[in-house]
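Notes for the one structure printed next.
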2 protein chains.
Amino acid sequence: MSQFAILFGGVSYEHEISIVSTITLKNVIKKGKIFIFCDAKREFYLIDEKDMKASFFSKCEYKKSEKLTLKQGGFYKKALLKEKRVEFDTLINLIHGKEGEDGTVSSLLDFFGIDYVGPRLEGSVISYNKEFTKLYAKSRGVNILKYQVLRKSDTRELALNYPVIIKPLRLGSSIGLSVAKDDKEFDYALDVAYEFDDTVIIEPFFEGIKEYNLAGVKTKEGYIFSFVEEPLKESILDFDKKYLDFSRSEGANRAEIDKSLQKDMQKTFISLYEDMFEGAIVRCDFFVKEERLYINEINPVPGSLANYLFDDFNAVVENVLLPKKRNISIDYKYINSINAAKCK
Amino acid sequence: MSQFAILFGGVSYEHEISIVSTITLKNVIKKGKIFIFCDAKREFYLIDEKDMKASFFSKCEYKKSEKLTLKQGGFYKKALLKEKRVEFDTLINLIHGKEGEDGTVSSLLDFFGIDYVGPRLEGSVISYNKEFTKLYAKSRGVNILKYQVLRKSDTRELALNYPVIIKPLRLGSSIGLSVAKDDKEFDYALDVAYEFDDTVIIEPFFEGIKEYNLAGVKTKEGYIFSFVEEPLKESILDFDKKYLDFSRSEGANRAEIDKSLQKDMQKTFISLYEDMFEGAIVRCDFFVKEERLYINEINPVPGSLANYLFDDFNAVVENVLLPKKRNISIDYKYINSINAAKCK
């Protein structure tokens, strides 16, 4: 039977989230699957399906699992005579945050020739850095909220009106994020955000702004979109709540919106996805304010792959269209022509 | 003696250029150095200094060299009992183009914990994709020439006036680049550029525009800048000429410009470099038109590291300030707190 490998863990503030996310997906995906864990030291382990419990990792029991080496062509386990390749067809990158979403994992998988579901290098960098997301979205004709970028070395001068929301420039989830209504709160919010990144992004905070999430993917038969979710919010999700959010396999709140807004979201999704996120199941988080649609975030490795937004998630994950790789032939034409010239 | 490792070759249209560039640098760098070659199959080899000749690679003789494995902590060679780490202090990324400059190599080196001179992940992606360079430069307040992006699937409609210059979106050197003065030339230029990338960038072409190159790097003692070069141009450098250009160790044409333009270039260089290119020796290629300075390209792995632009290149390469890595601790706090809650 053909099967998936799920890569999870990784060096990231969302390491634990990735474990929870993978345990959730284990029960959702029907196709055969194996589990490859990347620990805090960036060593890889092949985890038995029966060991896929959170405590197996938090108690460091995973260290008894078989260690793997990443080399050309895949992950290898030691064998008596020759290393043996771990067999799977397609890997699912489920490392959330930092190295899973900033382009590192995609670089590794591309370099070592592994087929995978997940964002590629450019899409990762564009979605992981929130300023780049803004620049990119704007270049694709998508509306963005205004924003200000501050670096740790800058004077703490706010160019927007209160209330504002302050986020580390490069983090996923809600880690390090706060809302500030005055100078004192702003100062504290900066302290918090700078704990996680030397650069922060600041946006106006609109109480009660409409939020909608839409997931989608390009397949051989065109785009498949999820239904639109209107996330239930208790002001802002804190990390604990967000953490639980990554373990969802059901219970999304279907948005009651008219067809034209839904079409608009799908059109905007395609503008952002096309020629940039091929190979990934992406969740776009939108705002609607005064009947205008804004992109808030592009999540190319959403919690448990946003499975709970699709009516038939298995049809989605089994049909992701992986981007073609360009073949670069190295023929030493120039060196040979120069050497030939020398011999004349 | 402390020493450098030079990583070169790589899967890229500039594979051969990288070999030439490394041979040049071999004679320039005074500190001890070793040579690590990445071949077309992405396998690594430790090359003896005496074998560092172009034909050694074009004739595939390098395959007799010792093969290396990239693992946590460095490159390893086989030994009788245990693999042995190849000893060096800092690696110089001298893989030009594609995987050397698009963020792949930086991801590998960061993931496997190797200190290196070269661009990091975000800087790579920003400088390798010419549209991202424009968006980025603009966000940093740096002037850019206007441009148009076309994808293979788009209608071939030009939004600029002739003459224009057409470039593959993601290539270094001058590969796939042409100037078009009319529709027929434009059509042909697109065919050429699409051979190398599914997206192209088009800019106005100004005959006789002033071009200047400035290289620089951040060190513990602040920035070191090269002198400004006004490259000698015979219309546009074709690939053969550019190829020879990568083997330069002397003979740059010092620009005769006034102090204020030089200061302006250095200031612009810093705007682009700060918090993005730390760790790399970068060459910025500028245009000056009607007394305005424009950024053309940011080269974070310039040919032979632009050694020929510095009066004392060894002082430069030995003092590159490598960016600090943020330490992410993984303590299973959340999983433990959830498990503790379960036990109550």
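Chain identifiers are assigned as A, B, and so on, following the order in which chains appear in the structure tokens; residues are numbered from 1 within each chain, and ligands are numbered from 1 in order of appearance.
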
Chain B residues within 7 Å of chain A, counting only C-alpha atoms: which ones, as a PyMOL selection string?
chain B and resi 11-13+16+40+54+58+104+107-108+122+125+135+328+330+332+335-336

Run DSSP on the backbone and give me the residues of segment 113-214 of chain A it puts in strand (DSSP E), as a ChimeraX atom specification.
/A:116-117,148-151,164-168,178-180,199-204,210-214

Requested write-out: N, CA and C atoms of the selected residues, as a PDB file, in the first residue's frame:
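Below is the file that was written, again-v6.pdb:
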```pdb
ATOM      1  N   TYR A 116       7.131  15.946  -1.170  1.00  0.00           N
ATOM      2  CA  TYR A 116       6.424  16.313   0.060  1.00  0.00           C
ATOM      3  C   TYR A 116       5.255  17.254  -0.161  1.00  0.00           C
ATOM      4  N   VAL A 117       4.312  17.166   0.788  1.00  0.00           N
ATOM      5  CA  VAL A 117       3.217  18.116   0.892  1.00  0.00           C
ATOM      6  C   VAL A 117       3.668  19.177   1.887  1.00  0.00           C
ATOM      7  N   GLN A 148       3.175  48.851  10.773  1.00  0.00           N
ATOM      8  CA  GLN A 148       4.451  49.493  11.072  1.00  0.00           C
ATOM      9  C   GLN A 148       5.427  48.417  11.532  1.00  0.00           C
ATOM     10  N   VAL A 149       6.656  48.504  11.078  1.00  0.00           N
ATOM     11  CA  VAL A 149       7.672  47.550  11.503  1.00  0.00           C
ATOM     12  C   VAL A 149       8.635  48.267  12.439  1.00  0.00           C
ATOM     13  N   LEU A 150       8.940  47.652  13.566  1.00  0.00           N
ATOM     14  CA  LEU A 150       9.905  48.243  14.510  1.00  0.00           C
ATOM     15  C   LEU A 150      10.996  47.226  14.823  1.00  0.00           C
ATOM     16  N   ARG A 151      12.236  47.718  14.874  1.00  0.00           N
ATOM     17  CA  ARG A 151      13.325  46.842  15.290  1.00  0.00           C
ATOM     18  C   ARG A 151      13.755  47.193  16.705  1.00  0.00           C
ATOM     19  N   VAL A 164      -3.665  49.008  19.155  1.00  0.00           N
ATOM     20  CA  VAL A 164      -2.860  48.317  18.138  1.00  0.00           C
ATOM     21  C   VAL A 164      -2.577  46.895  18.601  1.00  0.00           C
ATOM     22  N   ILE A 165      -2.227  46.059  17.644  1.00  0.00           N
ATOM     23  CA  ILE A 165      -1.840  44.697  17.985  1.00  0.00           C
ATOM     24  C   ILE A 165      -0.364  44.540  17.611  1.00  0.00           C
ATOM     25  N   ILE A 166       0.420  43.985  18.533  1.00  0.00           N
ATOM     26  CA  ILE A 166       1.870  43.878  18.349  1.00  0.00           C
ATOM     27  C   ILE A 166       2.233  42.400  18.225  1.00  0.00           C
ATOM     28  N   LYS A 167       2.977  42.052  17.162  1.00  0.00           N
ATOM     29  CA  LYS A 167       3.353  40.651  16.943  1.00  0.00           C
ATOM     30  C   LYS A 167       4.836  40.539  16.624  1.00  0.00           C
ATOM     31  N   PRO A 168       5.495  39.482  17.093  1.00  0.00           N
ATOM     32  CA  PRO A 168       6.852  39.219  16.618  1.00  0.00           C
ATOM     33  C   PRO A 168       6.767  39.038  15.102  1.00  0.00           C
ATOM     34  N   SER A 178       0.341  40.728  21.562  1.00  0.00           N
ATOM     35  CA  SER A 178      -0.571  41.416  22.488  1.00  0.00           C
ATOM     36  C   SER A 178      -1.224  42.636  21.870  1.00  0.00           C
ATOM     37  N   VAL A 179      -2.291  43.054  22.501  1.00  0.00           N
ATOM     38  CA  VAL A 179      -3.009  44.260  22.105  1.00  0.00           C
ATOM     39  C   VAL A 179      -2.650  45.363  23.096  1.00  0.00           C
ATOM     40  N   ALA A 180      -2.445  46.580  22.597  1.00  0.00           N
ATOM     41  CA  ALA A 180      -2.119  47.701  23.482  1.00  0.00           C
ATOM     42  C   ALA A 180      -3.081  48.849  23.233  1.00  0.00           C
ATOM     43  N   THR A 199      12.547  41.929  15.607  1.00  0.00           N
ATOM     44  CA  THR A 199      11.698  42.838  14.835  1.00  0.00           C
ATOM     45  C   THR A 199      10.240  42.516  15.144  1.00  0.00           C
ATOM     46  N   VAL A 200       9.417  43.554  15.231  1.00  0.00           N
ATOM     47  CA  VAL A 200       7.991  43.325  15.470  1.00  0.00           C
ATOM     48  C   VAL A 200       7.181  44.037  14.395  1.00  0.00           C
ATOM     49  N   ILE A 201       5.955  43.581  14.223  1.00  0.00           N
ATOM     50  CA  ILE A 201       5.050  44.255  13.297  1.00  0.00           C
ATOM     51  C   ILE A 201       3.837  44.712  14.099  1.00  0.00           C
ATOM     52  N   ILE A 202       3.392  45.923  13.812  1.00  0.00           N
ATOM     53  CA  ILE A 202       2.292  46.528  14.561  1.00  0.00           C
ATOM     54  C   ILE A 202       1.180  46.869  13.576  1.00  0.00           C
ATOM     55  N   GLU A 203      -0.045  46.522  13.957  1.00  0.00           N
ATOM     56  CA  GLU A 203      -1.196  46.800  13.099  1.00  0.00           C
ATOM     57  C   GLU A 203      -2.299  47.416  13.939  1.00  0.00           C
ATOM     58  N   PRO A 204      -3.206  48.155  13.297  1.00  0.00           N
ATOM     59  CA  PRO A 204      -4.353  48.652  14.051  1.00  0.00           C
ATOM     60  C   PRO A 204      -5.180  47.461  14.528  1.00  0.00           C
ATOM     61  N   LYS A 210     -14.591  41.266  11.513  1.00  0.00           N
ATOM     62  CA  LYS A 210     -15.007  39.938  11.077  1.00  0.00           C
ATOM     63  C   LYS A 210     -13.782  39.137  10.633  1.00  0.00           C
ATOM     64  N   GLU A 211     -13.696  37.919  11.109  1.00  0.00           N
ATOM     65  CA  GLU A 211     -12.585  37.048  10.725  1.00  0.00           C
ATOM     66  C   GLU A 211     -13.107  35.803  10.037  1.00  0.00           C
ATOM     67  N   TYR A 212     -12.439  35.416   8.948  1.00  0.00           N
ATOM     68  CA  TYR A 212     -12.837  34.203   8.231  1.00  0.00           C
ATOM     69  C   TYR A 212     -11.602  33.408   7.817  1.00  0.00           C
ATOM     70  N   ASN A 213     -11.689  32.104   7.924  1.00  0.00           N
ATOM     71  CA  ASN A 213     -10.590  31.243   7.475  1.00  0.00           C
ATOM     72  C   ASN A 213     -11.052  30.380   6.308  1.00  0.00           C
ATOM     73  N   LEU A 214     -10.177  30.290   5.316  1.00  0.00           N
ATOM     74  CA  LEU A 214     -10.464  29.444   4.160  1.00  0.00           C
ATOM     75  C   LEU A 214      -9.209  28.642   3.854  1.00  0.00           C
TER      76      LEU A 214
END
```

What's the separation between atom CA of Val142 of chain B and atom CA of Met276 of chain B, in Å to one decimal place?
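So the two atoms, atom CA of Val142 of chain B and atom CA of Met276 of chain B, lie 14.6 Å apart.
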
Please identify all polymer residues within 9 Å of Lys26 of chain B, counting only C-alpha atoms, omitting same-chain residues fewer than 3 positions from it, and present them as a list in words.
Ile6, Ser21, Thr22, Ile23, Ile29, Lys30, Lys33, Glu49 and Met52 of chain B

Can you check which residues of segment 115-282 of chain B DSSP gives as helix (DSSP H, G or I) on the backbone and send them as a PDB file with C-alpha atoms, in the first residue's frame?
```pdb
ATOM      1  CA  LEU B 121      17.702  32.206   4.420  1.00  0.00           C
ATOM      2  CA  GLU B 122      15.642  35.390   4.102  1.00  0.00           C
ATOM      3  CA  GLY B 123      18.398  37.446   2.486  1.00  0.00           C
ATOM      4  CA  SER B 124      18.913  34.673  -0.047  1.00  0.00           C
ATOM      5  CA  VAL B 125      15.273  34.517  -1.093  1.00  0.00           C
ATOM      6  CA  ILE B 126      14.981  38.311  -1.232  1.00  0.00           C
ATOM      7  CA  SER B 127      18.023  38.768  -3.435  1.00  0.00           C
ATOM      8  CA  TYR B 128      17.538  35.685  -5.630  1.00  0.00           C
ATOM      9  CA  LYS B 130      14.272  39.861  -8.610  1.00  0.00           C
ATOM     10  CA  GLU B 131      10.677  40.857  -7.873  1.00  0.00           C
ATOM     11  CA  PHE B 132      11.218  40.290  -4.166  1.00  0.00           C
ATOM     12  CA  THR B 133      14.375  42.411  -4.397  1.00  0.00           C
ATOM     13  CA  LYS B 134      12.263  45.263  -5.767  1.00  0.00           C
ATOM     14  CA  LEU B 135       9.561  44.919  -3.107  1.00  0.00           C
ATOM     15  CA  TYR B 136      12.173  44.658  -0.387  1.00  0.00           C
ATOM     16  CA  ALA B 137      14.302  47.586  -1.579  1.00  0.00           C
ATOM     17  CA  LYS B 138      11.225  49.785  -1.840  1.00  0.00           C
ATOM     18  CA  SER B 139      10.190  48.849   1.711  1.00  0.00           C
ATOM     19  CA  ASP B 183       7.822  43.291 -30.635  1.00  0.00           C
ATOM     20  CA  LYS B 184       9.738  40.685 -32.578  1.00  0.00           C
ATOM     21  CA  GLU B 185      12.788  40.947 -30.342  1.00  0.00           C
ATOM     22  CA  PHE B 186      10.528  40.982 -27.296  1.00  0.00           C
ATOM     23  CA  ASP B 187       8.879  37.750 -28.348  1.00  0.00           C
ATOM     24  CA  TYR B 188      12.219  36.070 -28.898  1.00  0.00           C
ATOM     25  CA  ALA B 189      13.602  37.437 -25.609  1.00  0.00           C
ATOM     26  CA  LEU B 190      10.647  35.925 -23.759  1.00  0.00           C
ATOM     27  CA  ASP B 191      11.289  32.532 -25.369  1.00  0.00           C
ATOM     28  CA  VAL B 192      14.881  32.686 -24.187  1.00  0.00           C
ATOM     29  CA  ALA B 193      14.089  33.803 -20.637  1.00  0.00           C
ATOM     30  CA  TYR B 194      11.288  31.240 -20.219  1.00  0.00           C
ATOM     31  CA  PHE B 239      27.616  34.564 -20.395  1.00  0.00           C
ATOM     32  CA  ASP B 240      31.142  33.811 -21.632  1.00  0.00           C
ATOM     33  CA  LYS B 241      32.396  37.212 -20.596  1.00  0.00           C
ATOM     34  CA  LYS B 242      30.544  37.071 -17.310  1.00  0.00           C
ATOM     35  CA  TYR B 243      32.062  33.653 -16.800  1.00  0.00           C
ATOM     36  CA  LEU B 244      35.560  35.043 -17.112  1.00  0.00           C
ATOM     37  CA  ASP B 245      34.418  37.861 -14.867  1.00  0.00           C
ATOM     38  CA  LYS B 259      32.451  61.783  -2.288  1.00  0.00           C
ATOM     39  CA  SER B 260      28.742  62.499  -1.903  1.00  0.00           C
ATOM     40  CA  LEU B 261      27.700  59.811  -4.406  1.00  0.00           C
ATOM     41  CA  GLN B 262      30.025  57.357  -2.705  1.00  0.00           C
ATOM     42  CA  LYS B 263      28.508  58.206   0.694  1.00  0.00           C
ATOM     43  CA  ASP B 264      25.031  57.855  -0.782  1.00  0.00           C
ATOM     44  CA  MET B 265      25.883  54.374  -2.074  1.00  0.00           C
ATOM     45  CA  GLN B 266      27.282  53.306   1.279  1.00  0.00           C
ATOM     46  CA  LYS B 267      24.201  54.612   3.070  1.00  0.00           C
ATOM     47  CA  THR B 268      21.927  52.746   0.664  1.00  0.00           C
ATOM     48  CA  PHE B 269      24.050  49.629   1.061  1.00  0.00           C
ATOM     49  CA  ILE B 270      23.531  49.747   4.825  1.00  0.00           C
ATOM     50  CA  SER B 271      19.756  50.251   4.419  1.00  0.00           C
ATOM     51  CA  LEU B 272      19.636  47.035   2.419  1.00  0.00           C
ATOM     52  CA  TYR B 273      22.169  45.039   4.450  1.00  0.00           C
TER      53      TYR B 273
END
```

Separation of atom CA of Ile95 of chain A and atom CA of Asn143 of chain A, in Å?
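Between atom CA of Ile95 of chain A and atom CA of Asn143 of chain A the gap is 28.7 Å.
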
Choose the residue, out of B:Ser337, B:Asn161, B:Asn319, B:Asn307, that has the smallest atom-to-atom separation from Ser249 of chain B; count only C-alpha atoms.
B:Asn307

What is the distance, in Å and to one decimal place, between atom CA of Leu309 of chain A and atom CA of Phe227 of chain A?
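Distance between the two atoms: 6.0 Å.
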
Show me, as an MDAnalysis selection string, the residues that have an atom within 8 Å of Asp89 of chain B when counting only C-alpha atoms, minus same-chain residues fewer than 6 positions from it.
chainID B and resid 2:5 115
